[in-house]
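**Q** So here's model_22.txt, just compact mmCIF, C-alpha atoms and all ligand atoms:
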```txt
# COMPACT_ATOMS: atom_id res chain seq x y z
CA MET A 1 0.00 0.00 0.00
CA ALA A 2 1.38 3.41 -0.94
CA GLU A 3 0.45 6.62 0.84
CA VAL A 4 -0.07 9.46 -1.60
CA ALA A 5 -1.47 12.95 -1.15
CA SER A 6 -4.97 13.46 -2.50
CA GLU A 7 -5.83 16.37 -4.81
CA SER A 8 -7.36 18.20 -1.87
CA GLY A 9 -4.00 17.96 -0.08
CA GLY A 10 -5.05 15.29 2.43
CA GLU A 11 -3.55 11.81 2.66
CA VAL A 12 -5.34 9.00 0.90
CA SER A 13 -4.39 5.41 0.68
CA VAL A 14 -3.90 4.01 -2.79
CA SER A 15 -2.88 0.46 -3.41
CA TRP A 16 -0.28 -0.07 -6.09
CA ASN A 17 0.03 -3.62 -7.22
CA ALA A 18 3.02 -3.60 -9.55
CA ALA A 19 2.42 -7.18 -10.73
CA GLU A 20 -1.20 -6.40 -11.59
CA VAL A 21 -0.21 -3.25 -13.50
CA ARG A 22 2.50 -5.14 -15.40
CA ALA A 23 0.04 -7.88 -16.33
CA GLU A 24 -1.95 -5.29 -18.30
CA PHE A 25 0.94 -4.95 -20.77
CA PRO A 26 1.31 -7.98 -23.05
CA GLN A 27 4.70 -6.78 -24.31
CA LEU A 28 6.15 -7.35 -20.83
CA GLY A 29 5.30 -11.03 -21.06
CA LEU A 30 7.80 -11.51 -23.89
CA LYS A 31 11.14 -13.19 -23.38
CA VAL A 32 14.15 -11.43 -24.90
CA ASN A 33 17.35 -13.48 -25.11
CA GLY A 34 15.54 -15.92 -22.84
CA VAL A 35 14.93 -13.40 -20.05
CA ARG A 36 12.26 -10.92 -18.92
CA PRO A 37 12.82 -7.68 -20.85
CA VAL A 38 13.41 -4.42 -18.99
CA TYR A 39 11.82 -1.51 -20.81
CA LEU A 40 13.31 1.84 -19.75
CA ASP A 41 12.49 3.92 -22.81
CA SER A 42 9.05 5.25 -21.95
CA ALA A 43 10.14 8.85 -22.54
CA ALA A 44 10.42 7.85 -26.21
CA THR A 45 7.18 5.90 -26.26
CA THR A 46 5.08 4.01 -23.74
CA LEU A 47 3.95 0.40 -24.00
CA LYS A 48 0.25 -0.22 -24.57
CA PRO A 49 -2.12 -1.79 -22.07
CA ARG A 50 -4.58 -4.50 -23.05
CA ALA A 51 -7.49 -2.05 -22.60
CA VAL A 52 -6.15 0.13 -25.44
CA ILE A 53 -5.29 -2.80 -27.70
CA ASP A 54 -8.75 -4.33 -27.11
CA ARG A 55 -10.46 -1.01 -27.80
CA LEU A 56 -8.71 -0.74 -31.17
CA GLN A 57 -9.69 -4.29 -32.03
CA HIS A 58 -13.29 -3.60 -30.99
CA PHE A 59 -13.44 -0.53 -33.20
CA TYR A 60 -12.11 -2.36 -36.25
CA SER A 61 -14.35 -5.36 -35.54
CA TYR A 62 -17.66 -3.68 -34.78
CA GLU A 63 -17.61 0.09 -35.35
CA CYS A 64 -15.45 0.49 -38.44
CA ALA A 65 -16.82 3.32 -40.58
CA ASN A 66 -15.99 6.88 -41.50
CA VAL A 67 -17.11 9.68 -39.18
CA HIS A 68 -19.29 12.75 -39.68
CA ARG A 69 -20.50 11.77 -43.14
CA GLY A 70 -22.43 8.62 -42.67
CA ALA A 71 -25.99 8.10 -43.66
CA HIS A 72 -25.94 4.75 -41.87
CA TRP A 73 -25.89 3.23 -38.41
CA LEU A 74 -22.25 2.10 -38.52
CA SER A 75 -21.05 5.59 -39.27
CA ASP A 76 -23.26 6.94 -36.47
CA ARG A 77 -21.64 4.47 -34.11
CA ALA A 78 -18.11 5.44 -35.19
CA THR A 79 -18.96 9.15 -34.95
CA SER A 80 -20.34 8.75 -31.42
CA ALA A 81 -17.25 6.86 -30.29
CA TYR A 82 -14.94 9.43 -31.93
CA GLU A 83 -16.75 12.41 -30.38
CA GLU A 84 -16.89 10.64 -27.03
CA ALA A 85 -13.09 10.36 -27.21
CA ARG A 86 -12.88 14.11 -27.84
CA GLN A 87 -15.02 14.69 -24.76
CA LYS A 88 -12.69 12.46 -22.71
CA VAL A 89 -9.66 14.49 -23.81
CA ALA A 90 -11.50 17.76 -23.07
CA ARG A 91 -12.37 16.59 -19.54
CA PHE A 92 -8.90 15.15 -18.96
CA LEU A 93 -7.39 18.55 -19.77
CA GLY A 94 -10.12 20.57 -18.09
CA ALA A 95 -11.07 22.41 -21.30
CA GLU A 96 -14.14 24.60 -21.30
CA ARG A 97 -15.61 23.08 -24.48
CA ASP A 98 -15.12 19.83 -26.37
CA SER A 99 -14.62 21.90 -29.52
CA GLU A 100 -11.36 23.23 -28.05
CA ILE A 101 -9.84 19.79 -28.69
CA VAL A 102 -8.44 19.06 -32.15
CA PHE A 103 -7.21 15.55 -32.93
CA THR A 104 -3.76 15.64 -34.52
CA ARG A 105 -1.04 13.15 -35.42
CA GLY A 106 0.77 14.05 -32.20
CA THR A 107 2.77 16.76 -30.49
CA THR A 108 4.78 17.54 -33.60
CA GLU A 109 1.72 18.10 -35.74
CA GLY A 110 0.06 20.12 -32.98
CA LEU A 111 3.02 22.52 -32.85
CA ASN A 112 3.15 22.80 -36.64
CA LEU A 113 -0.58 23.51 -36.69
CA ILE A 114 -0.14 26.39 -34.25
CA ALA A 115 2.86 27.79 -36.16
CA HIS A 116 0.90 27.62 -39.41
CA SER A 117 -2.60 28.68 -38.39
CA PHE A 118 -1.77 31.03 -35.54
CA GLY A 119 1.80 32.11 -36.31
CA ARG A 120 1.38 32.99 -39.97
CA PRO A 121 -1.71 35.18 -39.71
CA PHE A 122 -1.19 36.68 -36.26
CA LEU A 123 2.56 37.34 -35.98
CA GLN A 124 4.21 40.27 -37.75
CA PRO A 125 7.82 40.97 -38.83
CA GLY A 126 9.88 42.03 -35.80
CA ASP A 127 7.72 40.09 -33.33
CA GLU A 128 9.57 37.82 -30.93
CA ILE A 129 9.04 34.18 -30.02
CA LEU A 130 10.52 32.96 -26.75
CA LEU A 131 11.56 29.32 -26.26
CA THR A 132 13.82 27.62 -23.70
CA GLN A 133 17.11 25.77 -24.00
CA LEU A 134 15.29 22.57 -23.04
CA GLU A 135 13.06 22.25 -26.09
CA HIS A 136 12.65 19.13 -28.20
CA HIS A 137 13.44 19.73 -31.89
CA SER A 138 9.72 19.68 -32.64
CA ASN A 139 9.27 22.77 -30.45
CA ILE A 140 12.14 24.58 -32.18
CA LEU A 141 11.90 23.88 -35.88
CA PRO A 142 8.31 25.03 -36.60
CA TRP A 143 9.17 28.37 -34.96
CA GLN A 144 12.54 28.63 -36.71
CA LEU A 145 10.94 28.09 -40.12
CA LEU A 146 8.17 30.56 -39.28
CA ALA A 147 10.74 33.12 -38.08
CA GLN A 148 12.67 32.81 -41.36
CA GLU A 149 9.49 33.13 -43.40
CA LYS A 150 8.02 36.09 -41.53
CA GLY A 151 11.06 37.96 -40.24
CA LEU A 152 10.43 37.11 -36.58
CA LYS A 153 13.06 36.92 -33.86
CA LEU A 154 13.62 33.72 -31.87
CA LYS A 155 14.87 34.11 -28.32
CA VAL A 156 15.95 31.31 -26.01
CA ALA A 157 15.70 31.36 -22.23
CA PRO A 158 18.81 29.75 -20.71
CA ILE A 159 19.09 27.01 -18.10
CA HIS A 160 21.34 26.56 -15.08
CA PRO A 161 23.90 23.72 -15.21
CA SER A 162 21.45 21.93 -12.87
CA GLY A 163 19.02 21.70 -15.81
CA GLU A 164 16.58 24.18 -14.30
CA LEU A 165 15.32 27.25 -16.13
CA VAL A 166 17.02 30.53 -15.22
CA GLU A 167 13.74 32.09 -14.23
CA GLU A 168 15.04 35.69 -13.96
CA GLU A 169 16.42 35.44 -17.50
CA PHE A 170 13.13 34.06 -18.77
CA GLU A 171 11.37 37.05 -17.20
CA ALA A 172 13.97 39.47 -18.58
CA LEU A 173 13.59 38.12 -22.12
CA LEU A 174 9.84 38.81 -22.08
CA THR A 175 9.25 42.21 -23.68
CA ASN A 176 6.41 44.00 -25.39
CA GLN A 177 7.73 42.48 -28.63
CA THR A 178 7.23 38.94 -27.32
CA LYS A 179 4.08 37.66 -29.01
CA LEU A 180 4.39 33.94 -28.44
CA VAL A 181 6.10 31.81 -25.80
CA SER A 182 6.37 28.07 -26.32
CA PHE A 183 7.90 25.70 -23.77
CA THR A 184 7.95 22.14 -22.66
CA HIS A 185 6.36 21.18 -19.36
CA VAL A 186 8.90 18.41 -18.73
CA SER A 187 12.28 18.09 -20.46
CA ASN A 188 12.54 14.82 -22.38
CA GLY A 189 16.33 15.01 -22.16
CA LEU A 190 16.70 15.72 -18.45
CA GLY A 191 13.37 15.21 -16.71
CA THR A 192 13.31 18.79 -15.41
CA ILE A 193 9.80 20.01 -14.58
CA LEU A 194 9.32 23.64 -15.61
CA PRO A 195 7.32 26.11 -13.49
CA ILE A 196 4.76 26.49 -16.28
CA GLN A 197 2.06 28.19 -14.23
CA LYS A 198 4.46 31.02 -13.35
CA MET A 199 5.81 31.15 -16.91
CA ILE A 200 2.31 31.47 -18.35
CA GLN A 201 1.45 34.26 -15.91
CA SER A 202 4.63 36.16 -16.79
CA ALA A 203 4.00 35.75 -20.53
CA GLN A 204 0.45 37.00 -20.08
CA LYS A 205 1.74 40.19 -18.45
CA VAL A 206 3.38 41.18 -21.74
CA GLY A 207 0.36 39.98 -23.72
CA ALA A 208 2.11 36.95 -25.26
CA VAL A 209 0.27 33.83 -26.34
CA THR A 210 1.45 30.66 -24.55
CA VAL A 211 1.98 27.17 -25.94
CA VAL A 212 2.67 24.21 -23.64
CA ASP A 213 4.35 21.06 -24.96
CA ALA A 214 2.92 18.44 -22.63
CA ALA A 215 4.39 15.43 -24.46
CA GLN A 216 6.34 14.29 -21.40
CA SER A 217 4.05 15.45 -18.60
CA VAL A 218 0.68 14.17 -19.79
CA SER A 219 1.28 10.65 -18.43
CA PHE A 220 1.87 11.63 -14.80
CA LEU A 221 1.03 15.28 -14.08
CA PRO A 222 -2.53 16.63 -13.92
CA LEU A 223 -3.10 19.24 -16.64
CA ARG A 224 -5.93 21.73 -16.12
CA VAL A 225 -5.76 24.17 -19.01
CA ARG A 226 -8.23 26.61 -17.54
CA ASP A 227 -6.32 26.86 -14.27
CA LEU A 228 -3.02 27.09 -16.14
CA GLY A 229 -4.40 29.80 -18.40
CA CYS A 230 -2.38 28.68 -21.43
CA ASP A 231 -3.63 29.42 -24.95
CA PHE A 232 -2.53 26.13 -26.48
CA LEU A 233 -1.37 22.75 -25.17
CA VAL A 234 -0.32 19.72 -27.19
CA PHE A 235 0.50 16.07 -26.51
CA SER A 236 0.92 12.71 -28.26
CA GLY A 237 -1.20 9.61 -27.65
CA HIS A 238 1.75 7.24 -27.84
CA LYS A 239 3.39 8.74 -24.74
CA LEU A 240 0.16 8.26 -22.80
CA PHE A 241 -0.13 4.49 -23.35
CA GLY A 242 -2.27 5.22 -26.42
CA PRO A 243 -1.96 4.47 -30.14
CA TYR A 244 0.56 5.88 -32.59
CA GLY A 245 -0.36 8.55 -35.10
CA VAL A 246 -2.79 10.37 -32.85
CA GLY A 247 -2.53 13.23 -30.41
CA ALA A 248 -4.50 16.22 -29.27
CA LEU A 249 -4.24 19.97 -29.39
CA TYR A 250 -6.07 22.15 -26.91
CA GLY A 251 -6.69 25.64 -28.24
CA ARG A 252 -8.57 28.40 -26.50
CA HIS A 253 -11.89 28.86 -28.33
CA GLN A 254 -11.22 32.55 -28.85
CA TRP A 255 -8.15 31.67 -30.98
CA LEU A 256 -9.37 28.56 -32.75
CA GLU A 257 -12.45 30.34 -34.07
CA GLN A 258 -10.28 33.05 -35.64
CA MET A 259 -7.61 30.75 -37.05
CA PRO A 260 -7.55 29.67 -40.71
CA PRO A 261 -7.33 25.96 -41.61
CA TYR A 262 -4.06 24.10 -41.30
CA GLN A 263 -4.78 21.55 -44.02
CA SER A 264 -7.80 21.52 -46.31
CA GLY A 265 -9.96 18.87 -47.91
CA GLY A 266 -13.02 16.87 -46.97
CA SER A 267 -14.88 17.12 -43.65
CA MET A 268 -13.78 20.68 -42.86
CA ILE A 269 -16.00 22.73 -45.16
CA SER A 270 -19.56 24.02 -45.07
CA LYS A 271 -19.64 25.00 -48.77
CA VAL A 272 -17.22 24.55 -51.66
CA SER A 273 -17.33 26.18 -55.06
CA PHE A 274 -14.57 26.92 -57.54
CA ALA A 275 -14.92 30.59 -56.72
CA LYS A 276 -14.86 30.40 -52.90
CA SER A 277 -15.23 27.97 -50.04
CA ASP A 278 -16.46 28.28 -46.47
CA PHE A 279 -15.05 26.30 -43.60
CA LEU A 280 -16.67 24.60 -40.63
CA PRO A 281 -16.12 25.95 -37.12
CA PRO A 282 -13.43 24.35 -34.91
CA PRO A 283 -12.56 21.57 -34.31
CA GLN A 284 -13.68 20.25 -37.75
CA ARG A 285 -11.94 23.16 -39.50
CA PHE A 286 -8.62 21.65 -38.37
CA GLU A 287 -9.40 18.00 -39.09
CA ALA A 288 -9.28 17.78 -42.88
CA GLY A 289 -9.80 14.38 -44.44
CA THR A 290 -10.53 11.11 -42.73
CA PRO A 291 -9.03 11.34 -39.24
CA HIS A 292 -7.31 8.58 -37.28
CA ILE A 293 -10.67 7.42 -35.93
CA ALA A 294 -9.42 4.27 -34.23
CA GLY A 295 -6.48 6.21 -32.82
CA ALA A 296 -8.68 8.85 -31.22
CA ILE A 297 -10.94 6.19 -29.72
CA GLY A 298 -7.88 4.28 -28.49
CA LEU A 299 -6.58 7.50 -26.94
CA GLY A 300 -9.88 7.78 -25.06
CA ALA A 301 -9.29 4.24 -23.71
CA ALA A 302 -5.75 5.23 -22.67
CA ILE A 303 -7.16 8.18 -20.72
CA ASP A 304 -9.63 5.84 -18.97
CA PHE A 305 -6.69 3.57 -18.14
CA VAL A 306 -4.54 6.25 -16.48
CA GLN A 307 -7.53 7.75 -14.71
CA ALA A 308 -8.44 4.38 -13.24
CA LEU A 309 -4.92 4.08 -11.81
CA GLY A 310 -4.85 7.76 -10.81
CA LEU A 311 -2.19 10.26 -11.86
CA GLU A 312 -1.11 10.83 -8.27
CA ALA A 313 -0.55 7.13 -7.68
CA ILE A 314 1.35 6.88 -10.99
CA GLU A 315 3.58 9.79 -10.08
CA SER A 316 4.33 8.49 -6.60
CA HIS A 317 5.19 5.01 -7.98
CA GLU A 318 7.51 6.55 -10.56
CA GLN A 319 9.12 8.77 -7.92
CA ARG A 320 9.91 5.74 -5.75
CA LEU A 321 11.66 4.08 -8.70
CA LEU A 322 13.47 7.30 -9.58
CA THR A 323 14.82 7.69 -6.05
CA MET A 324 16.00 4.09 -5.96
CA ALA A 325 17.55 4.28 -9.46
CA THR A 326 19.33 7.58 -8.70
CA GLU A 327 20.85 6.23 -5.48
CA GLU A 328 22.02 3.02 -7.14
CA LEU A 329 23.51 4.90 -10.07
CA LYS A 330 25.45 7.21 -7.76
CA GLN A 331 26.66 4.28 -5.68
CA MET A 332 28.01 2.61 -8.79
CA GLY A 333 30.33 5.61 -9.33
CA GLY A 334 32.07 6.82 -12.47
CA VAL A 335 28.85 8.38 -13.70
CA ARG A 336 28.01 11.93 -14.74
CA LEU A 337 24.33 12.39 -13.99
CA PHE A 338 22.54 15.37 -15.55
CA ALA A 339 19.82 17.29 -13.68
CA ASP A 340 20.22 15.57 -10.32
CA LEU A 341 17.22 17.33 -8.84
CA ASP A 342 14.95 16.55 -5.89
CA HIS A 343 11.78 17.05 -7.87
CA LYS A 344 11.83 15.87 -11.46
CA ALA A 345 10.25 13.39 -13.84
CA SER A 346 11.45 9.78 -13.76
CA ILE A 347 14.07 10.33 -16.45
CA LEU A 348 17.78 9.74 -15.78
CA SER A 349 20.23 11.10 -18.35
CA PHE A 350 23.85 10.19 -17.74
CA LEU A 351 27.27 9.39 -19.12
CA MET A 352 29.56 6.63 -17.91
CA GLU A 353 33.14 7.85 -17.71
CA GLY A 354 35.33 6.60 -20.54
CA THR A 355 32.44 5.16 -22.57
CA HIS A 356 30.28 6.30 -25.47
CA PRO A 357 26.50 6.41 -24.89
CA SER A 358 25.75 4.22 -27.91
CA ASP A 359 28.20 1.54 -26.71
CA VAL A 360 26.49 1.52 -23.32
CA GLY A 361 23.07 1.36 -25.02
CA ALA A 362 24.21 -1.60 -27.14
CA MET A 363 25.63 -3.45 -24.13
CA LEU A 364 22.39 -2.97 -22.22
CA ASP A 365 20.41 -4.14 -25.23
CA GLN A 366 22.39 -7.39 -25.24
CA GLN A 367 21.14 -7.90 -21.68
CA ALA A 368 17.51 -7.19 -22.70
CA VAL A 369 17.53 -3.76 -21.04
CA ALA A 370 16.10 -1.11 -23.37
CA VAL A 371 17.34 2.47 -22.91
CA ARG A 372 17.87 5.33 -25.31
CA ALA A 373 21.34 6.53 -26.29
CA GLY A 374 21.97 9.68 -28.29
CA HIS A 375 20.73 13.27 -28.46
CA HIS A 376 17.04 12.47 -27.84
CA CYS A 377 16.04 15.24 -30.33
CA ASN A 378 17.60 17.81 -27.98
CA GLN A 379 20.78 18.86 -29.81
CA PRO A 380 20.80 22.48 -28.51
CA LEU A 381 20.46 21.14 -24.96
CA TRP A 382 23.54 18.91 -25.32
CA ASP A 383 25.44 21.78 -26.98
CA PHE A 384 24.88 23.65 -23.70
CA TYR A 385 26.54 20.81 -21.78
CA GLN A 386 29.11 20.32 -24.57
CA VAL A 387 28.40 16.62 -24.90
CA PRO A 388 26.98 14.86 -27.99
CA GLY A 389 24.23 13.14 -26.02
CA THR A 390 23.63 10.78 -23.12
CA VAL A 391 22.27 7.42 -22.07
CA ARG A 392 18.69 7.93 -20.95
CA ALA A 393 16.71 5.56 -18.76
CA SER A 394 13.07 6.51 -18.20
CA PHE A 395 10.79 4.76 -15.73
CA SER A 396 7.05 4.36 -16.13
CA LEU A 397 4.10 2.89 -14.29
CA TYR A 398 4.86 -0.68 -15.45
CA ASN A 399 8.45 -0.69 -14.17
CA ASP A 400 9.32 -2.15 -10.79
CA GLU A 401 12.24 -2.59 -8.40
CA GLU A 402 13.44 -5.67 -10.29
CA ASP A 403 13.81 -3.50 -13.42
CA VAL A 404 15.99 -1.04 -11.51
CA GLU A 405 18.17 -3.86 -10.18
CA ARG A 406 18.50 -5.48 -13.62
CA TRP A 407 19.45 -2.12 -15.13
CA ILE A 408 22.18 -1.54 -12.56
CA VAL A 409 23.58 -5.04 -13.00
CA ALA A 410 23.59 -4.51 -16.78
CA LEU A 411 25.34 -1.15 -16.38
CA LYS A 412 28.04 -2.69 -14.18
CA LYS A 413 28.60 -5.38 -16.76
CA ALA A 414 28.77 -2.78 -19.55
CA LYS A 415 31.34 -0.86 -17.53
CA GLU A 416 33.47 -3.98 -17.07
CA MET A 417 33.34 -4.80 -20.76
CA LEU A 418 33.88 -1.28 -22.06
CA LEU A 419 36.60 0.01 -19.77
N1 LIG B 1 8.16 17.30 -27.26
C1 LIG B 1 8.70 16.51 -26.32
C2 LIG B 1 9.08 17.11 -25.00
C3 LIG B 1 8.91 15.17 -26.60
O1 LIG B 1 9.46 14.38 -25.67
C4 LIG B 1 8.54 14.66 -27.86
C5 LIG B 1 8.77 13.19 -28.21
N2 LIG B 1 10.03 12.71 -27.84
C6 LIG B 1 7.96 15.51 -28.79
C7 LIG B 1 7.78 16.84 -28.45
C8 LIG B 1 7.53 15.03 -30.14
O2 LIG B 1 6.50 14.10 -30.01
P1 LIG B 1 5.96 13.28 -31.26
O3 LIG B 1 7.16 12.69 -31.92
O4 LIG B 1 5.08 12.24 -30.65
O5 LIG B 1 5.23 14.22 -32.14
```
Would you put the structure from the file into structure tokens?
**A**
Amino acid sequence: MAEVASESGGEVSVSWNAAEVRAEFPQLGLKVNGVRPVYLDSAATTLKPRAVIDRLQHFYSYECANVHRGAHWLSDRATSAYEEARQKVARFLGAERDSEIVFTRGTTEGLNLIAHSFGRPFLQPGDEILLTQLEHHSNILPWQLLAQEKGLKLKVAPIHPSGELVEEEFEALLTNQTKLVSFTHVSNGLGTILPIQKMIQSAQKVGAVTVVDAAQSVSFLPLRVRDLGCDFLVFSGHKLFGPYGVGALYGRHQWLEQMPPYQSGGSMISKVSFAKSDFLPPPQRFEAGTPHIAGAIGLGAAIDFVQALGLEAIESHEQRLLTMATEELKQMGGVRLFADLDHKASILSFLMEGTHPSDVGAMLDQQAVAVRAGHHCNQPLWDFYQVPGTVRASFSLYNDEEDVERWIVALKKAKEMLL
């Protein structure tokens, strides 16, 4: 039994049965090189629980039809399931209206949609966009391309060597020219949790629009967009135990209704003629063509799955593993650990003295321990530390103490072999 704080601040008792949670994930039942695999790459993508896999199968077996255009019962069924999934996302994020949720291909597409449909029409030459040193490439490149196209200025808020944002610098970089501020909630490279509530409030003071990249936080931190006050928030289904190729964008109604389409085609128009066409209101305006219907419905099932476990219980389980893994890693010695912070996500980025990250990754792989080695789509972050990348182990709700032990044993063996 684990004691975790309830949302109201009191103590509630939540049982965490690691074996039961693991049993929900068929992939964990595999044998790799004859042994139980250890999956420590959830920051790249999470495994999928049976509930999500079954939901996809159910859709393709019994509800398979196109949405929003059917003159038949099967299409009605698919449309209801699809719109119900939108409602689940809206409630999960605390949006005011379901229509503030647009289904996308994932975080990357969400950010590109904002750059295209908000950035192009609403930003003017000379305007500034503020990012942080921690951003994933997908929260840099759409803004860089937009800046080149429109003559905008990109600014980057620095971090401390600890991996934390230099908050005073972030504040100082916000000026009356800053029109958009886009930042990650949790760094995928380091696990740092950014003070997004404060950052949003500061950005609002200069009248800037705020975009939150919740790709890494959505699986363990509660996100309430109305309390946060952000204008946009994006995440990917596949990092929330959901299907690939689907994600969601939250956009404040006031913006979405003014924004032009991102892509165009079927399902997003009210009238088309060769002379002129009219578009549907959001969210349909931003969902051209046949959407990833099964994906959206599967994402709804993933949300049900995490809500049944409880985000607080998930976070406290992951924190226990993080504490144990950090201590063991330090005890091993000869390790440079990045962002060794008291409060962070369950991501450990490190280098083993005298070894290359990809050699360590390969040695762990031989022992059926899956980690990520490389730049993790964070090249500017590693430029700051003047290293090409790291080994990254990320712990999720289906990991347990045995995984931590196996990882440490595998690291010790890698060290022996490589040094
Ligand atoms: N932002 C962050 C912080 C991420 O971790 C990732 C995925 N690694 C992305 C954006 C991009 O997500 P996707 O590839 O699912 O679009």
**Q** Could I get the residue neighbourhood of ligand LIG 1 (chain B) at 6 Å, counting all atoms listed in the file, as a list in words?
**A**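 Selection of residues at most 6 Å from ligand LIG 1 (chain B): Ala44, Gly106, Thr107, Thr108, His136, Ser138, Thr184, Ser187, Asn188, Asp213, Ala215, Gln216 and Ser236 of chain A.
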**Q** Contacts of Ile303 in chain A at 8 Å or less, counting all atoms listed in the file, minus same-chain residues fewer than 4 places along, as a PyMOL selection string?
**A** chain A and resi 88-89+92+240+299+307
**Q** One decimal, Å: what's the distance from CA of Phe305 in chain A over to CA of Lys239 in chain A, could you say?
**A**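 Atom-to-atom, CA of Phe305 in chain A and CA of Lys239 in chain A are spaced 13.1 Å apart.
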**Q** By how many Å are CA of Ser277 in chain A and CA of Ser117 in chain A apart?
**A**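 Going from CA of Ser277 in chain A over to CA of Ser117 in chain A covers 17.2 Å.
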**Q** Mind checking which residues fall within 8 Å of His375 in chain A, counting only C-alpha atoms, ignoring those fewer than 4 positions away in the same chain, and posting them as a list in words?
**A**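 These residues fall inside the cut-off: Gly189, Gln379, Trp382, Pro388, Gly389 and Thr390 of chain A.
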**Q** Of the candidates A:Arg36, A:Leu419, A:Gln27, A:Leu411, which shows the shortest atom-to-atom distance to Glu353 in chain A, using only C-alpha atoms?
**A** A:Leu419
**Q** Do you know which residues are at most 10 Å from range 131-134 of chain A counting only C-alpha atoms, after dropping those on the same chain fewer than 5 positions away, and could you put them as number ranges by chain?
**A** A: 139-140, 143, 154-160, 163-166, 170, 173, 180-192, 194, 211, 378-384
**Q** For Arg55 in chain A, work out the shell of residues within 12 Å, counting only C-alpha atoms and skipping chain neighbours fewer than 6 positions away, then give it as a list in words.
**A**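 Skipping anything fewer than 6 positions along the chain leaves Lys48, Pro49, Ser61, Tyr62, Glu63, Cys64, Ala81, Ala85, Gly242, Pro243, Ile293, Ala294, Gly295, Ala296, Ile297, Gly298, Leu299, Gly300, Ala301, Ala302, Asp304 and Phe305 of chain A.
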**Q** Closest to Ser346 in chain A among A:Ser99, A:Ser75, A:Thr323, A:Asn17, using all atoms listed in the file?
**A**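 Of A:Ser99, A:Ser75, A:Thr323, A:Asn17, the one nearest Ser346 in chain A is A:Thr323, counting all atoms listed in the file.
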**Q** Grab the CA of Phe338 in chain A to CA of Phe350 in chain A distance for me, in Å with one decimal place.
**A** 5.8 Å
**Q** Take the point (22.2, 17.5, -11.8) in the file's coordinates, draw a sphere of radius 7 Å around it, and report as a ChimeraX atom specification every protein, DNA or RNA residue with an atom inside or on it, counting all atoms listed in the file.
**A** /A:162-163,337-341
**Q** What lies within 10 Å of Arg252 in chain A using all atoms listed in the file, ignoring chain neighbours under 5 positions off, as a list in words?
**A**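 Returned residues: Ala95, Glu96, Arg97, Ser99, Glu100, Ile101, Val225, Arg226, Gly229, Cys230, Asp231, Phe232, Leu233 and Glu257 of chain A.
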**Q** Name the closest residue to Ser267 in chain A among the candidates A:Ile200, A:Ala288, A:Leu322, A:Ala248; distances are taken between atoms, counting all atoms listed in the file.
**A**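 Looking only at the distances to Ser267 in chain A, the closest residue turns out to be A:Ala288.
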**Q** Kindly provide, as lines of an AutoDock Vina configuration file, the centre and edge lengths (Å, one decimal) of an axis-aligned box around all atoms of range 94-97 of chain A given in the file, with 3 Å on each side.
**A**
```
center_x = -12.9
center_y = 22.6
center_z = -21.3
size_x = 11.5
size_y = 10.0
size_z = 12.4
```
**Q** Range 190-275 of chain A near range 120-128 of chain A within 12 Å: what's each residue's closest atom pair and its distance in Å to one decimal, counting all atoms listed in the file, ordered by chain then ascending residue number, as JSON lines?
**A**
```
{"residue": "A:Ala203", "atom": "CA", "partner": "A:Glu128", "partner_atom": "CA", "distance": 12.0}
{"residue": "A:Val206", "atom": "CA", "partner": "A:Glu128", "partner_atom": "CA", "distance": 11.6}
{"residue": "A:Gly207", "atom": "CA", "partner": "A:Glu128", "partner_atom": "CA", "distance": 11.9}
{"residue": "A:Ala208", "atom": "CA", "partner": "A:Glu128", "partner_atom": "CA", "distance": 9.4}
{"residue": "A:Val209", "atom": "CA", "partner": "A:Phe122", "partner_atom": "CA", "distance": 10.4}
{"residue": "A:Trp255", "atom": "CA", "partner": "A:Phe122", "partner_atom": "CA", "distance": 10.1}
{"residue": "A:Gln258", "atom": "CA", "partner": "A:Pro121", "partner_atom": "CA", "distance": 9.7}
{"residue": "A:Met259", "atom": "CA", "partner": "A:Pro121", "partner_atom": "CA", "distance": 7.8}
{"residue": "A:Pro260", "atom": "CA", "partner": "A:Pro121", "partner_atom": "CA", "distance": 8.1}
{"residue": "A:Pro261", "atom": "CA", "partner": "A:Pro121", "partner_atom": "CA", "distance": 11.0}
{"residue": "A:Tyr262", "atom": "CA", "partner": "A:Arg120", "partner_atom": "CA", "distance": 10.5}
```
